[in-house]
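The next block is work.csv, given as CSV, C-alpha atoms and all ligand atoms.
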chain,number,residue,atom,x,y,z
A,1198,MET,CA,24.2,-12.9,-11.0
A,1199,LYS,CA,20.6,-12.1,-12.2
A,1200,ASP,CA,19.9,-9.2,-14.6
A,1201,PRO,CA,19.0,-6.0,-12.7
A,1202,VAL,CA,15.4,-5.0,-12.3
A,1203,ARG,CA,14.3,-1.4,-12.5
A,1204,ILE,CA,12.5,0.0,-9.5
A,1205,ALA,CA,10.8,3.4,-9.8
A,1206,ILE,CA,10.1,5.3,-6.5
A,1207,THR,CA,8.3,8.6,-6.4
A,1208,GLY,CA,8.7,11.2,-3.7
A,1209,GLY,CA,12.3,10.0,-3.4
A,1210,ALA,CA,13.3,12.9,-1.1
A,1211,GLY,CA,10.5,12.3,1.3
A,1212,GLN,CA,10.4,10.7,4.8
A,1213,ILE,CA,9.1,7.2,3.7
A,1214,SER,CA,11.6,7.0,0.9
A,1215,TYR,CA,14.5,7.9,3.2
A,1216,SER,CA,13.9,4.4,4.8
A,1217,LEU,CA,12.5,2.6,1.7
A,1218,ILE,CA,15.3,3.3,-0.8
A,1219,PHE,CA,18.0,2.1,1.5
A,1220,ARG,CA,16.2,-1.1,2.4
A,1221,ILE,CA,15.4,-1.9,-1.2
A,1222,ALA,CA,19.1,-1.2,-2.1
A,1223,ALA,CA,20.1,-3.6,0.7
A,1224,GLY,CA,18.0,-6.4,-0.9
A,1225,ASP,CA,15.2,-6.5,1.5
A,1226,MET,CA,12.5,-6.4,-1.2
A,1227,LEU,CA,13.7,-8.8,-3.9
A,1228,GLY,CA,16.4,-10.7,-2.1
A,1229,PRO,CA,20.1,-10.6,-1.7
A,1230,ASP,CA,20.9,-11.9,-5.2
A,1231,GLN,CA,18.7,-9.5,-7.2
A,1232,PRO,CA,20.6,-6.4,-8.6
A,1233,VAL,CA,18.5,-3.2,-8.9
A,1234,ILE,CA,18.5,0.0,-10.8
A,1235,LEU,CA,16.8,2.8,-8.8
A,1236,GLN,CA,14.8,5.3,-10.7
A,1237,LEU,CA,13.9,8.1,-8.3
A,1238,LEU,CA,11.3,10.8,-9.1
A,1239,GLU,CA,10.8,14.2,-7.4
A,1240,ILE,CA,9.2,17.5,-8.1
A,1241,PRO,CA,11.6,20.1,-9.4
A,1242,GLN,CA,11.8,22.0,-6.0
A,1243,ALA,CA,13.0,18.8,-4.2
A,1244,MET,CA,15.7,17.8,-6.7
A,1245,ASP,CA,18.5,19.1,-4.5
A,1246,ALA,CA,17.3,17.1,-1.6
A,1247,LEU,CA,16.9,14.0,-3.9
A,1248,ASN,CA,20.5,14.5,-5.1
A,1249,GLY,CA,21.5,14.4,-1.4
A,1250,VAL,CA,19.7,11.1,-1.0
A,1251,VAL,CA,21.5,9.7,-4.1
A,1252,MET,CA,24.9,10.8,-2.6
A,1253,GLU,CA,24.0,8.8,0.6
A,1254,VAL,CA,23.0,5.7,-1.4
A,1255,ASN,CA,26.2,5.9,-3.3
A,1256,ASP,CA,28.1,6.3,0.0
A,1257,CYS,CA,26.7,3.0,1.2
A,1258,ALA,CA,28.4,1.1,-1.7
A,1259,PHE,CA,25.5,-1.3,-1.9
A,1260,PRO,CA,26.6,-4.4,-3.9
A,1261,LEU,CA,23.2,-4.8,-5.5
A,1262,VAL,CA,22.8,-1.2,-6.8
A,1263,GLN,CA,23.8,-1.1,-10.5
A,1264,ASP,CA,22.7,2.4,-11.3
A,1265,ILE,CA,20.6,5.3,-9.8
A,1266,VAL,CA,18.6,7.7,-11.9
A,1267,ALA,CA,17.3,10.9,-10.3
A,1268,THR,CA,14.8,12.9,-12.3
A,1269,ASP,CA,11.8,15.2,-12.2
A,1270,ASP,CA,10.3,13.7,-15.4
A,1271,PRO,CA,7.9,10.8,-14.8
A,1272,ASN,CA,8.6,9.5,-18.4
A,1273,VAL,CA,12.2,9.0,-17.4
A,1274,ALA,CA,11.5,7.6,-13.9
A,1275,PHE,CA,9.1,5.0,-15.2
A,1276,LYS,CA,11.1,4.0,-18.3
A,1277,ASP,CA,11.1,0.2,-18.4
A,1278,ALA,CA,10.2,0.0,-14.7
A,1279,ASP,CA,9.5,-3.5,-13.4
A,1280,PHE,CA,8.3,-2.1,-10.1
A,1281,ALA,CA,6.8,1.3,-9.3
A,1282,LEU,CA,6.3,2.5,-5.7
A,1283,LEU,CA,4.3,5.7,-5.9
A,1284,VAL,CA,5.1,7.3,-2.5
A,1285,GLY,CA,5.1,11.0,-3.3
A,1286,ALA,CA,1.7,12.8,-2.9
A,1287,ARG,CA,0.4,16.2,-2.1
A,1288,PRO,CA,-0.2,16.6,1.6
A,1289,ARG,CA,-3.2,18.5,2.9
A,1290,GLY,CA,-2.4,22.2,3.1
A,1291,PRO,CA,-4.0,24.9,5.3
A,1292,GLY,CA,-7.7,25.4,4.5
A,1293,MET,CA,-7.7,22.6,2.0
A,1294,GLU,CA,-10.9,20.6,1.8
A,1295,ARG,CA,-11.0,16.9,1.3
A,1296,LYS,CA,-12.2,17.4,-2.3
A,1297,ASP,CA,-9.3,19.8,-3.0
A,1298,LEU,CA,-6.9,17.2,-1.7
A,1299,LEU,CA,-8.4,14.5,-3.9
A,1300,GLU,CA,-8.2,16.7,-6.9
A,1301,ALA,CA,-4.6,17.8,-6.3
A,1302,ASN,CA,-3.5,14.2,-6.1
A,1303,ALA,CA,-5.7,13.1,-9.0
A,1304,ALA,CA,-3.7,15.5,-11.2
A,1305,ILE,CA,-0.4,14.0,-10.0
A,1306,PHE,CA,-1.6,10.4,-10.4
A,1307,SER,CA,-3.2,10.8,-13.8
A,1308,VAL,CA,0.1,12.1,-15.2
A,1309,GLN,CA,2.0,9.2,-13.6
A,1310,GLY,CA,-0.6,6.7,-14.8
A,1311,LYS,CA,-0.1,7.9,-18.4
A,1312,ALA,CA,3.7,7.8,-18.0
A,1313,LEU,CA,3.5,4.2,-16.7
A,1314,ASN,CA,1.3,3.3,-19.6
A,1315,ASP,CA,3.7,4.7,-22.2
A,1316,HIS,CA,7.1,3.8,-20.7
A,1317,ALA,CA,7.0,1.1,-18.0
A,1318,SER,CA,7.6,-2.7,-18.5
A,1319,ARG,CA,4.4,-4.4,-19.7
A,1320,ASP,CA,4.6,-6.5,-16.5
A,1321,VAL,CA,5.1,-3.6,-14.1
A,1322,LYS,CA,3.8,-4.0,-10.6
A,1323,VAL,CA,2.6,-0.7,-9.1
A,1324,LEU,CA,2.1,0.0,-5.4
A,1325,VAL,CA,0.5,3.3,-4.4
A,1326,VAL,CA,1.5,4.5,-0.9
A,1327,GLY,CA,0.8,8.2,-1.2
A,1328,ASN,CA,-2.6,9.2,0.2
A,1329,PRO,CA,-5.5,8.9,-0.6
A,1330,ALA,CA,-3.8,5.7,-1.7
A,1331,ASN,CA,-6.7,3.6,-3.0
A,1332,THR,CA,-8.2,6.4,-5.1
A,1333,ASN,CA,-4.8,7.5,-6.3
A,1334,ALA,CA,-4.2,4.0,-7.5
A,1335,LEU,CA,-7.6,4.0,-9.3
A,1336,ILE,CA,-6.7,7.2,-11.1
A,1337,ALA,CA,-3.3,5.9,-12.2
A,1338,SER,CA,-4.9,2.7,-13.4
A,1339,CYS,CA,-7.7,4.5,-15.4
A,1340,ASN,CA,-5.0,6.5,-17.1
A,1341,ALA,CA,-3.0,3.4,-18.1
A,1342,PRO,CA,-5.4,1.6,-20.5
A,1343,ASP,CA,-2.7,-0.5,-22.0
A,1344,LEU,CA,-1.8,-2.1,-18.7
A,1345,ASP,CA,-4.0,-4.5,-16.8
A,1346,ALA,CA,-6.0,-2.8,-14.0
A,1347,GLY,CA,-4.8,-5.6,-11.7
A,1348,GLN,CA,-1.2,-4.3,-12.0
A,1349,PHE,CA,-2.3,-1.3,-9.8
A,1350,THR,CA,-2.5,-1.8,-6.1
A,1351,ALA,CA,-2.6,0.3,-2.9
A,1352,MET,CA,-1.1,-0.3,0.5
A,1353,THR,CA,-3.1,-1.7,3.4
A,1354,ARG,CA,-0.2,-3.9,4.5
A,1355,LEU,CA,0.8,-1.5,7.3
A,1356,ASP,CA,-2.7,-1.7,8.7
A,1357,HIS,CA,-2.5,-5.5,8.4
A,1358,ASN,CA,0.8,-5.6,10.2
A,1359,ARG,CA,-0.4,-3.2,12.9
A,1360,ALA,CA,-3.4,-5.5,13.4
A,1361,LEU,CA,-1.2,-8.6,13.7
A,1362,THR,CA,0.8,-7.0,16.4
A,1363,GLN,CA,-2.2,-5.7,18.4
A,1364,LEU,CA,-3.8,-9.2,18.4
A,1365,ALA,CA,-0.5,-11.0,19.1
A,1366,GLN,CA,0.2,-8.7,22.1
A,1367,LYS,CA,-3.3,-9.1,23.5
A,1368,THR,CA,-3.1,-12.9,23.3
A,1369,GLY,CA,0.5,-13.2,24.6
A,1370,LYS,CA,1.6,-14.8,21.3
A,1371,HIS,CA,3.9,-13.8,18.4
A,1372,VAL,CA,2.8,-12.3,15.2
A,1373,THR,CA,3.9,-15.4,13.4
A,1374,ASP,CA,1.2,-17.4,15.3
A,1375,VAL,CA,-1.6,-15.3,13.8
A,1376,GLU,CA,-3.4,-16.5,10.6
A,1377,ASN,CA,-6.1,-15.0,8.4
A,1378,MET,CA,-5.9,-11.4,9.4
A,1379,ILE,CA,-7.9,-9.2,7.0
A,1380,ILE,CA,-8.1,-5.5,6.4
A,1381,TRP,CA,-11.1,-4.7,4.2
A,1382,GLY,CA,-11.6,-1.5,2.2
A,1383,ASN,CA,-9.9,1.9,2.3
A,1384,HIS,CA,-6.6,2.8,3.8
A,1385,SER,CA,-8.3,5.4,6.0
A,1386,ALA,CA,-10.1,5.5,9.3
A,1387,THR,CA,-13.1,3.6,7.7
A,1388,GLN,CA,-10.9,0.5,7.1
A,1389,TYR,CA,-12.3,-2.6,8.7
A,1390,PRO,CA,-9.7,-4.8,10.5
A,1391,ASP,CA,-11.6,-8.1,10.7
A,1392,LEU,CA,-10.9,-10.8,13.3
A,1393,ALA,CA,-13.8,-13.1,12.4
A,1394,GLN,CA,-11.6,-15.4,10.3
A,1395,CYS,CA,-8.5,-15.0,12.5
A,1396,LYS,CA,-6.7,-17.8,14.3
A,1397,VAL,CA,-4.0,-17.5,16.9
A,1398,ASP,CA,-1.9,-20.6,17.4
A,1399,GLY,CA,-4.7,-22.6,15.7
A,1400,LYS,CA,-7.5,-21.2,18.0
A,1401,ALA,CA,-10.2,-18.9,16.9
A,1402,ALA,CA,-9.3,-15.3,17.8
A,1403,PHE,CA,-12.9,-14.7,19.0
A,1404,ASP,CA,-12.4,-17.5,21.6
A,1405,LEU,CA,-9.4,-15.7,23.0
A,1406,VAL,CA,-10.4,-12.0,23.1
A,1407,GLU,CA,-13.6,-10.3,24.3
A,1408,ARG,CA,-16.0,-8.8,21.9
A,1409,ASP,CA,-15.8,-5.5,23.7
A,1410,TRP,CA,-12.0,-5.3,23.2
A,1411,TYR,CA,-12.5,-6.2,19.5
A,1412,GLU,CA,-15.1,-3.5,18.8
A,1413,ASN,CA,-14.0,-0.7,21.1
A,1414,ASP,CA,-10.2,-1.1,21.4
A,1415,PHE,CA,-8.7,-3.2,18.6
A,1416,ILE,CA,-10.6,-1.8,15.6
A,1417,PRO,CA,-10.2,1.9,16.6
A,1418,THR,CA,-6.5,1.3,17.6
A,1419,VAL,CA,-5.7,-0.1,14.2
A,1420,GLN,CA,-7.7,2.6,12.4
A,1421,GLN,CA,-6.1,5.5,14.3
A,1422,ARG,CA,-2.6,4.1,14.7
A,1423,GLY,CA,-1.1,6.7,12.2
A,1424,ALA,CA,-2.4,9.6,14.3
A,1425,ALA,CA,-1.2,8.0,17.6
A,1426,ILE,CA,2.4,7.7,16.1
A,1427,ILE,CA,2.3,11.3,15.0
A,1428,LYS,CA,1.3,12.3,18.5
A,1429,ALA,CA,4.0,10.2,20.1
A,1430,ARG,CA,7.0,11.0,18.0
A,1431,GLY,CA,6.0,14.3,16.4
A,1432,ALA,CA,6.4,12.9,12.9
A,1433,SER,CA,4.5,10.3,10.8
A,1434,SER,CA,5.1,6.6,10.7
A,1435,ALA,CA,7.6,6.7,7.8
A,1436,ALA,CA,9.8,3.7,8.6
A,1437,SER,CA,6.9,1.3,9.3
A,1438,ALA,CA,5.2,2.5,6.1
A,1439,ALA,CA,8.4,1.8,4.2
A,1440,SER,CA,8.7,-1.7,5.8
A,1441,SER,CA,5.2,-2.6,4.9
A,1442,ALA,CA,5.6,-1.4,1.3
A,1443,ILE,CA,8.6,-3.8,1.1
A,1444,ASP,CA,6.4,-6.6,2.5
A,1445,HIS,CA,3.7,-5.9,-0.1
A,1446,MET,CA,6.0,-5.9,-3.1
A,1447,ARG,CA,8.1,-8.8,-1.9
A,1448,ASP,CA,5.1,-11.1,-1.3
A,1449,TRP,CA,3.5,-10.1,-4.6
A,1450,ALA,CA,6.7,-10.7,-6.5
A,1451,LEU,CA,8.1,-13.7,-4.7
A,1452,GLY,CA,5.0,-15.3,-3.1
A,1453,CYS,CA,4.2,-15.9,0.5
A,1454,ASP,CA,2.6,-18.4,2.9
A,1455,GLY,CA,-0.8,-17.5,4.2
A,1456,ILE,CA,-3.1,-14.5,3.7
A,1457,VAL,CA,-2.1,-10.9,3.4
A,1458,SER,CA,-4.2,-7.8,2.7
A,1459,MET,CA,-3.8,-5.8,-0.5
A,1460,ALA,CA,-5.9,-3.0,-2.0
A,1461,ILE,CA,-6.7,-4.2,-5.5
A,1462,PRO,CA,-9.4,-3.6,-8.1
A,1463,SER,CA,-12.8,-4.8,-6.8
A,1464,ASP,CA,-14.3,-7.5,-8.9
A,1465,GLY,CA,-17.6,-8.2,-7.2
A,1466,SER,CA,-16.1,-10.5,-4.6
A,1467,TYR,CA,-17.8,-10.3,-1.2
A,1468,GLY,CA,-20.5,-8.0,-2.6
A,1469,ILE,CA,-18.1,-5.2,-3.5
A,1470,ALA,CA,-19.0,-4.1,-7.0
A,1471,GLU,CA,-16.3,-3.2,-9.6
A,1472,GLY,CA,-15.0,0.3,-10.0
A,1473,ILE,CA,-12.9,0.9,-6.8
A,1474,ILE,CA,-9.6,-0.2,-5.3
A,1475,TYR,CA,-10.6,-2.1,-2.2
A,1476,SER,CA,-8.5,-4.0,0.3
A,1477,TYR,CA,-9.1,-7.8,0.2
A,1478,PRO,CA,-7.5,-10.9,1.7
A,1479,VAL,CA,-5.2,-12.4,-0.9
A,1480,ARG,CA,-2.7,-15.1,-1.5
A,1481,CYS,CA,0.4,-14.4,-3.5
A,1482,GLN,CA,2.2,-17.0,-5.7
A,1483,SER,CA,4.5,-16.8,-8.7
A,1484,GLY,CA,4.2,-13.0,-9.2
A,1485,LYS,CA,0.4,-13.0,-9.0
A,1486,TYR,CA,-2.2,-12.4,-6.3
A,1487,GLU,CA,-5.6,-14.0,-5.9
A,1488,ILE,CA,-8.5,-13.0,-3.6
A,1489,VAL,CA,-9.2,-15.6,-1.0
A,1490,GLN,CA,-12.9,-16.6,-1.4
A,1491,GLY,CA,-15.4,-18.3,0.8
A,1492,PHE,CA,-15.2,-16.5,4.1
A,1493,GLU,CA,-18.6,-16.1,5.8
A,1494,LEU,CA,-19.6,-12.5,6.6
A,1495,ASP,CA,-21.9,-11.7,9.6
A,1496,ALA,CA,-24.0,-8.6,9.8
A,1497,PHE,CA,-21.4,-6.6,11.7
A,1498,SER,CA,-18.8,-7.3,9.1
A,1499,LYS,CA,-21.1,-6.5,6.2
A,1500,GLU,CA,-22.0,-3.2,7.7
A,1501,LYS,CA,-18.3,-2.2,8.2
A,1502,MET,CA,-17.4,-3.4,4.7
A,1503,GLN,CA,-20.1,-1.3,3.2
A,1504,ALA,CA,-19.2,1.8,5.2
A,1505,THR,CA,-15.6,1.7,3.8
A,1506,GLU,CA,-16.9,0.9,0.3
A,1507,LYS,CA,-19.2,3.9,0.5
A,1508,GLU,CA,-16.3,6.2,1.3
A,1509,LEU,CA,-14.3,4.8,-1.7
A,1510,ARG,CA,-17.3,5.4,-4.0
A,1511,GLU,CA,-17.5,9.0,-2.7
A,1512,GLU,CA,-13.8,9.5,-3.4
A,1513,ARG,CA,-14.3,8.1,-6.9
A,1514,ALA,CA,-17.2,10.4,-7.5
A,1515,ALA,CA,-15.1,13.4,-6.6
A,1516,VAL,CA,-12.4,12.6,-9.2
A,1517,GLU,CA,-14.7,10.9,-11.8
A,1518,HIS,CA,-13.8,13.6,-14.5
A,1519,LEU,CA,-10.1,12.6,-14.2
A,1520,LEU,CA,-10.6,8.9,-14.7
A,1521,GLY,CA,-9.4,9.0,-18.3
A,1601,LIG,P1,6.1,10.9,3.4
A,1601,LIG,O1,7.2,10.3,2.7
A,1601,LIG,O2,6.1,10.9,4.9
A,1601,LIG,O3,4.7,10.4,2.9
A,1601,LIG,C1,4.4,10.2,1.5
A,1601,LIG,C2,3.0,9.8,1.3
A,1601,LIG,O4,2.8,8.5,1.9
A,1601,LIG,C3,1.9,10.7,1.9
A,1601,LIG,O5,0.9,10.9,1.0
A,1601,LIG,C4,1.5,10.0,3.1
A,1601,LIG,O6,0.2,10.3,3.5
A,1601,LIG,C5,1.6,8.6,2.6
A,1601,LIG,N1,1.5,7.5,3.7
A,1601,LIG,C6,0.8,6.4,3.5
A,1601,LIG,N2,0.9,5.6,4.6
A,1601,LIG,C7,1.6,6.3,5.5
A,1601,LIG,C8,2.0,6.1,6.8
A,1601,LIG,N3,1.7,5.0,7.4
A,1601,LIG,N4,2.7,7.0,7.4
A,1601,LIG,C9,3.1,8.1,6.8
A,1601,LIG,N5,2.7,8.4,5.6
A,1601,LIG,C10,2.0,7.5,4.9
A,1601,LIG,O7,5.9,12.5,2.9
A,1601,LIG,P2,7.0,13.6,2.7
A,1601,LIG,O8,6.1,14.9,2.7
A,1601,LIG,O9,8.1,13.5,3.6
A,1601,LIG,O10,7.5,13.3,1.3
A,1601,LIG,C11,6.7,13.4,0.1
A,1601,LIG,C12,7.7,13.7,-1.0
A,1601,LIG,O11,6.9,13.5,-2.2
A,1601,LIG,C13,8.2,15.1,-1.0
A,1601,LIG,O12,9.6,15.1,-1.1
A,1601,LIG,C14,7.5,15.8,-2.2
A,1601,LIG,O13,8.4,16.7,-2.9
A,1601,LIG,C15,7.3,14.5,-3.1
A,1601,LIG,N6,6.3,14.6,-4.1
A,1601,LIG,C16,6.7,14.0,-5.3
A,1601,LIG,C17,5.9,13.9,-6.3
A,1601,LIG,C18,6.4,13.3,-7.6
A,1601,LIG,O14,7.3,12.5,-7.5
A,1601,LIG,N7,5.8,13.6,-8.7
A,1601,LIG,C19,4.5,14.5,-6.3
A,1601,LIG,C20,4.1,15.0,-5.0
A,1601,LIG,C21,5.0,15.1,-4.0
A,1601,LIG,P3,-0.3,11.4,4.5
A,1601,LIG,O15,0.0,12.7,3.7
A,1601,LIG,O16,-1.7,11.1,4.7
A,1601,LIG,O17,0.6,11.3,5.7

Would you encode the structure as structure tokens?
Ligand code: NDP
Amino acid sequence: MKDPVRIAITGGAGQISYSLIFRIAAGDMLGPDQPVILQLLEIPQAMDALNGVVMEVNDCAFPLVQDIVATDDPNVAFKDADFALLVGARPRGPGMERKDLLEANAAIFSVQGKALNDHASRDVKVLVVGNPANTNALIASCNAPDLDAGQFTAMTRLDHNRALTQLAQKTGKHVTDVENMIIWGNHSATQYPDLAQCKVDGKAAFDLVERDWYENDFIPTVQQRGAAIIKARGASSAASAASSAIDHMRDWALGCDGIVSMAIPSDGSYGIAEGIIYSYPVRCQSGKYEIVQGFELDAFSKEKMQATEKELREERAAVEHLLG
């Protein structure tokens, strides 16, 4: 048996974690031969609920779970963590402006960035799910100067997976027939799901779907999918968010075939200057990701990519004073 790895999860008593923790414990993220130690973080008011989750995980008698730590101290939760999934975040309260929301979360993620810096494994892989995810990841990274900025990522994999299904259903094919799907930018309604590079069963997606469907149906459907799920089920898309977080971490850690979307530090690729966490097409291999270069961008794509970049730069400006 392999040595166990330590997986820190914040917001451990929340809806997403209620799916995520059990799937990680079952081996869905790192495989059926990888033992895990779960290190769960909550705010003090949610510790009773978190202890209930721990009781349930124990009741499952998962063969891979070696230990479970439940704590309200980030320094304990991130101690020697090999993976950190930052799910907990402050939701928008009544009368809260966007700037207040950014600031409330910036306070949480700056503390967590420092704790990761001081206590996590030097190779820790960090995924931010809690919204506003891209900017929360930026804040955590800026507060962790001893770690590489590239170790901090945010989740656009759910948007990517949603886009795969929309296109597969439209073309009467399966999601595994779709290649080169890309989500650019922010995990928000400005994200740009791009079909220009996409192929279905080897054929260009643009030869299979109409432009009108792409611009006026596909793009808004993917952008607004979270709201549509809340409307339909009266609760947010927690299980699919958890599933996509597992996809993101599994592919990053173990590698994958083809292109996936990950929000990572911008490095100038595709005209997006440094200083934000922006979703790009990447390939993952041997525990590393690499931006896929060389795609041609038309004027439509450039405009959409710049709009989502602008939003991320505005979010950054609102929390600049907390960037460490
Ligand atoms: P969820 O588990 O449903 O969601 C957690 C975060 O994930 C939210 O910021 C949510 O954003 C975000 N998210 C990203 N993608 C999605 C998606 N596709 N669907 C739904 N959510 C998505 O929230 P809960 O309120 O159930 O749980 C949050 C927990 O975090 C609470 O138990 C709270 O106590 C805890 N918390 C922990 C902290 C810590 O550990 N230090 C700090 C702050 C909170 P959105 O709000 O936009 O839906």

Surrounding residues as a PyMOL selection string, ligand LIG 1601 (chain A), max 6 Å, all atoms listed in the file: chain A and resi 1207-1208+1210-1214+1238-1240+1243+1284-1288+1326-1328+1423+1433-1435+1438

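Considering only C-alpha atoms, the residue among A:Lys1507, A:Arg1359, A:Arg1220, A:Arg1295 positioned nearest to A:Arg1422 is A:Arg1359.
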
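Within 12 Å of the point (19.0, -10.0, -10.2), and counting all atoms listed in the file, the protein, DNA and RNA residues are A:Met1198, A:Lys1199, A:Asp1200, A:Pro1201, A:Val1202, A:Arg1203, A:Ile1204, A:Ala1222, A:Gly1224, A:Met1226, A:Leu1227, A:Gly1228, A:Pro1229, A:Asp1230, A:Gln1231, A:Pro1232, A:Val1233, A:Ile1234, A:Pro1260, A:Leu1261, A:Val1262, A:Gln1263, A:Asp1279.
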
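What separates atom CA of A:Thr1387 from atom CA of A:Gly1369 is a distance of 27.4 Å.
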
Which residue out of A:Ser1463, A:Gln1363, A:Asn1331, A:Gln1236 has the minimum interatomic distance to A:Trp1410 when all atoms listed in the file are used? A:Gln1363

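Between A:Ala1341 and the candidates A:Pro1271, A:Pro1329, A:Gly1310, A:Gly1292, the tightest atom-to-atom separation, counting only C-alpha atoms, involves A:Gly1310.
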
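If you measure from each of A:Leu1324, A:Cys1453, A:Leu1361, A:Ala1303 to A:Cys1339 using all atoms listed in the file, the closest one turns out to be A:Ala1303.
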
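Atom CA of A:His1384 is positioned 22.1 Å from atom CA of A:Ala1205.
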
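Here atom CA of A:Met1446 and atom CA of A:Leu1235 stand 15.0 Å from one another.
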
Show me the residues around (-9.0, -15.9, 15.6) - criterion: an atom at most 10 Å away, all atoms listed in the file counted - as a VMD selection string. chain A and resid 1364 1375 to 1378 1391 to 1406

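The shortest atom-to-atom distance to A:Ile1336, with all atoms listed in the file taken into account, belongs to A:Ile1474 out of A:Ala1439, A:Val1273, A:Val1251, A:Ile1474.
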